[in-house]
Every structure is written in structure tokens, then in C-alpha cells.
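To start, the structure itself, in C-alpha cells.
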Amino acid sequence: IDAAAQLNNRQSMMNELVEIQGGLLTATWAEDLPEVFREAFTDVIRTYLDLKEALVMTDREVASQRATLLTNALAAMPAGRLSGEAGVYWNRQSEAMKKHSAALKDAKDIEDQRIQFEWISNLLIDMLKTTGMNQGPLFIQHCPMAFGDKGADWLSADPAILNPYFGDVMLRCGLVIDTLSGFK
């Protein structure tokens, strides 16, 4: 029952340190993250945004290079400074991001890179909603036509749409669906 609650984004015995706000789990430890962690997380976000720009430009080689930088930025995070629920959450999310970042780096074509980028984007959006960030705002943007009209989200520092899933083919396809601000 507890596992089902976790999988359905509900409060459970394993995630007691979260509260439900607007139907989503929100960590109550976001304000307690060490400053060194917050600063390093800002580097992860910047590196992600650089990766997004390479996909907007439909540049497979640059995207591959920037995926390596993202993996390195994630590896440099002082995750050991987090304990308890925050540490478990961070380790799970960052390991998944590293795997998708490595797959993006090794992808042979831009479409496969974009598939991995969607996974990275979803993980990072969840992380930001849970931990917050030093900078802000960031805009969650959505393309309803990506991946055969399934749709996909990404983060941007600018509200103007520059679509990483279609590049110059449909550069302006999308809309802002949410805005994330800095640490509270």
C-alpha cells in the first residue's frame, strides 16, 4: 500500500518529509539545503540550458559534448552533504539523469538525443519542484506535437519558445505551462 502511494504521488510512510500542495508532493526540506549544494545545482541547471540550446540548433555534436558536461556537473554535486530523504531523492534522480545524459551523448542521431532529453527534462523539472533553485525564474515549456502528438516539456530561462524537440522545423511550437522561482 505504501509503495502504491509513492507511485501515485501521495504522501506515504517512506516520504513523510513531504507535503501535498496543489496535488503534487513538495519537499519540506527545500529551505534546508546547504548553500554549496544550491550553488552546484545552479551549475547543473546552466549546463542543462546549454544542452537545450544545442538541440534547438539541431546540432548533434554540440549536444553530445554538452551532455558530457551535464554528466560531469551532476557528478560534481556535493550529494554527500544531503542526508535522509533529501539524499535518497537526490541520488535516485541524479543517477537517472546521468544515465539519460550518457545515452544522449552516445546517440547516433538528433532524434534519439531528443528522446533522452525529454527524460532529462522531466527528471530536472521534478527535482526543481522538490528542491528549488538559486536562480529564477525558469519556465516550464510544452510542445503538444512532440513525439507523435504525445507532447513533451522542457525548461527555459526565457519565456520565448525555442523548441528543442523540433529545432528550426517548428522552432516556435509550444507554450509556457508553469514558472518556477528561486528558493523560498
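Labeling convention for the C-alpha cells: chains A, B, ... as they appear, residues from 1 per chain, ligands from 1 in order of appearance.
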Could you find all residues in stretch 8-170 of chain A that DSSP calls strand (DSSP E or B) from the backbone, and write them as an MDAnalysis selection string? chainID A and resid 18:21 24:27 138:143 152:156
Could the residues of stretch 103-126 of chain A that have an atom at most 9 Å from stretch 41-63 of chain A be listed as a Markdown table, each with its closest atom pair and the distance in Å to one decimal, counting only C-alpha atoms and ordered by chain and ascending residue number?
```
| residue | atom | partner | partner_atom | distance |
| --- | --- | --- | --- | --- |
| A:Leu104 | CA | A:Ala63 | CA | 7.9 |
| A:Lys105 | CA | A:Ala63 | CA | 7.1 |
| A:Ala107 | CA | A:Arg60 | CA | 8.5 |
| A:Lys108 | CA | A:Arg60 | CA | 8.2 |
| A:Asp109 | CA | A:Arg60 | CA | 6.7 |
| A:Ile110 | CA | A:Arg60 | CA | 5.4 |
| A:Gln113 | CA | A:Arg60 | CA | 7.6 |
| A:Arg114 | CA | A:Leu55 | CA | 7.3 |
| A:Phe117 | CA | A:Lys52 | CA | 8.0 |
| A:Ile120 | CA | A:Tyr48 | CA | 8.6 |
| A:Ser121 | CA | A:Tyr48 | CA | 8.4 |
| A:Leu124 | CA | A:Ile45 | CA | 8.2 |
```
I'd like the contact shell of A:Phe139 - 7 Å cut-off, only C-alpha atoms, skipping same-chain residues fewer than 3 positions apart - returned as a ChimeraX atom specification. /A:155-159,176,178-180
Select, from A:Leu123, A:Leu128, A:Leu138, A:Ala146, the residue with the minimum atom-to-atom distance to A:Ala96, counting only C-alpha atoms.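 Closest to A:Ala96, using only C-alpha atoms: A:Leu123.
Checking A:Glu118, A:Glu85, A:Glu39, A:Asp32 one by one against A:Phe147, counting only C-alpha atoms, you find the shortest gap at A:Glu118.
For the choices A:Gln141, A:Gln135, A:Gln116, A:Ser83, the atom-to-atom distance to A:Ile177 is smallest for A:Gln141 when using only C-alpha atoms.
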One-decimal distance in Å that lies between atom CA of A:Asp106 and atom CA of A:Ala40: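 Separating atom CA of A:Ala40 from atom CA of A:Asp106 is a distance of 24.8 Å.
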Looking only at alpha helix (DSSP H) from DSSP on the backbone, list the matching residues of stretch 34-171 of chain A as a ChimeraX atom specification. /A:35-56,60-75,84-106,110-131,146-149
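Among the candidates A:His142, A:Lys98, A:Lys129, A:Arg92, the one nearest to A:Phe166 when counting only C-alpha atoms is A:His142.
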Taking 6 positions as the minimum chain separation for residues in the same chain, which residues sit within 12 Å of A:Trp119 when counting only C-alpha atoms? Answer as a CSV table (one decimal) with N, CA, C and O atoms, in the first residue's frame.
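Contents of part.csv, as written:
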```csv
chain,number,residue,atom,x,y,z
A,93,GLN,N,17.3,10.5,-8.4
A,93,GLN,CA,17.1,11.4,-9.6
A,93,GLN,C,18.4,11.7,-10.4
A,93,GLN,O,18.4,11.6,-11.6
A,94,SER,N,19.5,12.0,-9.7
A,94,SER,CA,20.7,12.3,-10.4
A,94,SER,C,21.3,11.1,-11.1
A,94,SER,O,21.8,11.2,-12.2
A,96,ALA,N,19.6,8.7,-12.5
A,96,ALA,CA,18.7,8.5,-13.7
A,96,ALA,C,19.1,9.6,-14.7
A,96,ALA,O,19.2,9.3,-15.9
A,97,MET,N,19.4,10.8,-14.2
A,97,MET,CA,19.8,11.9,-15.2
A,97,MET,C,21.1,11.5,-15.8
A,97,MET,O,21.3,11.8,-17.0
A,98,LYS,N,22.1,11.0,-15.0
A,98,LYS,CA,23.4,10.7,-15.6
A,98,LYS,C,23.2,9.6,-16.7
A,98,LYS,O,23.9,9.7,-17.7
A,99,LYS,N,22.4,8.6,-16.4
A,99,LYS,CA,22.2,7.5,-17.4
A,99,LYS,C,21.6,8.1,-18.7
A,99,LYS,O,22.0,7.7,-19.8
A,100,HIS,N,20.6,8.9,-18.6
A,100,HIS,CA,20.0,9.5,-19.8
A,100,HIS,C,21.0,10.5,-20.5
A,100,HIS,O,21.0,10.6,-21.7
A,101,SER,N,21.7,11.2,-19.7
A,101,SER,CA,22.7,12.1,-20.3
A,101,SER,C,23.8,11.3,-21.1
A,101,SER,O,24.2,11.7,-22.2
A,102,ALA,N,24.2,10.2,-20.5
A,102,ALA,CA,25.2,9.4,-21.2
A,102,ALA,C,24.6,8.8,-22.5
A,102,ALA,O,25.3,8.7,-23.5
A,103,ALA,N,23.3,8.4,-22.4
A,103,ALA,CA,22.7,7.9,-23.6
A,103,ALA,C,22.5,9.0,-24.7
A,103,ALA,O,22.7,8.7,-25.9
A,104,LEU,N,22.2,10.2,-24.2
A,104,LEU,CA,22.1,11.3,-25.2
A,104,LEU,C,23.5,11.5,-25.8
A,104,LEU,O,23.6,11.7,-27.1
A,112,ASP,N,17.2,10.6,-31.5
A,112,ASP,CA,17.4,9.8,-30.3
A,112,ASP,C,17.9,10.7,-29.1
A,112,ASP,O,17.6,10.4,-28.0
A,113,GLN,N,18.7,11.7,-29.5
A,113,GLN,CA,19.1,12.7,-28.4
A,113,GLN,C,17.9,13.4,-27.8
A,113,GLN,O,17.8,13.6,-26.6
A,125,ILE,N,12.9,18.8,-14.0
A,125,ILE,CA,11.7,19.6,-13.5
A,125,ILE,C,11.2,19.1,-12.2
A,125,ILE,O,10.9,19.9,-11.3
A,126,ASP,N,11.1,17.8,-12.0
A,126,ASP,CA,10.7,17.2,-10.7
A,126,ASP,C,11.7,17.6,-9.6
A,126,ASP,O,11.3,17.9,-8.5
A,152,ALA,N,5.8,17.0,-25.0
A,152,ALA,CA,7.0,16.9,-24.1
A,152,ALA,C,7.3,18.3,-23.5
A,152,ALA,O,7.0,19.3,-24.2
A,153,ASP,N,7.8,18.3,-22.4
A,153,ASP,CA,8.2,19.5,-21.6
A,153,ASP,C,9.7,19.8,-21.6
A,153,ASP,O,10.5,18.8,-21.9
A,154,TRP,N,10.1,21.0,-21.4
A,154,TRP,CA,11.5,21.4,-21.2
A,154,TRP,C,11.5,22.6,-20.3
A,154,TRP,O,10.5,23.3,-20.1
```
One number please: atom CA of A:Met145 to atom CA of A:Gln65, in Å, one decimal.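 Between atom CA of A:Met145 and atom CA of A:Gln65 the gap works out to 26.8 Å.
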Write out as a PyMOL selection string the residues lying within 9 Å of A:Pro34, counting only C-alpha atoms and excluding same-chain residues fewer than 3 positions away. chain A and resi 31+37-39+81-82
Please, what distance in Å, to one decimal, runs between atom CA of A:Leu33 and atom CA of A:Gly80?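 Answer for the atom CA of A:Leu33 to atom CA of A:Gly80 separation: 11.6 Å.
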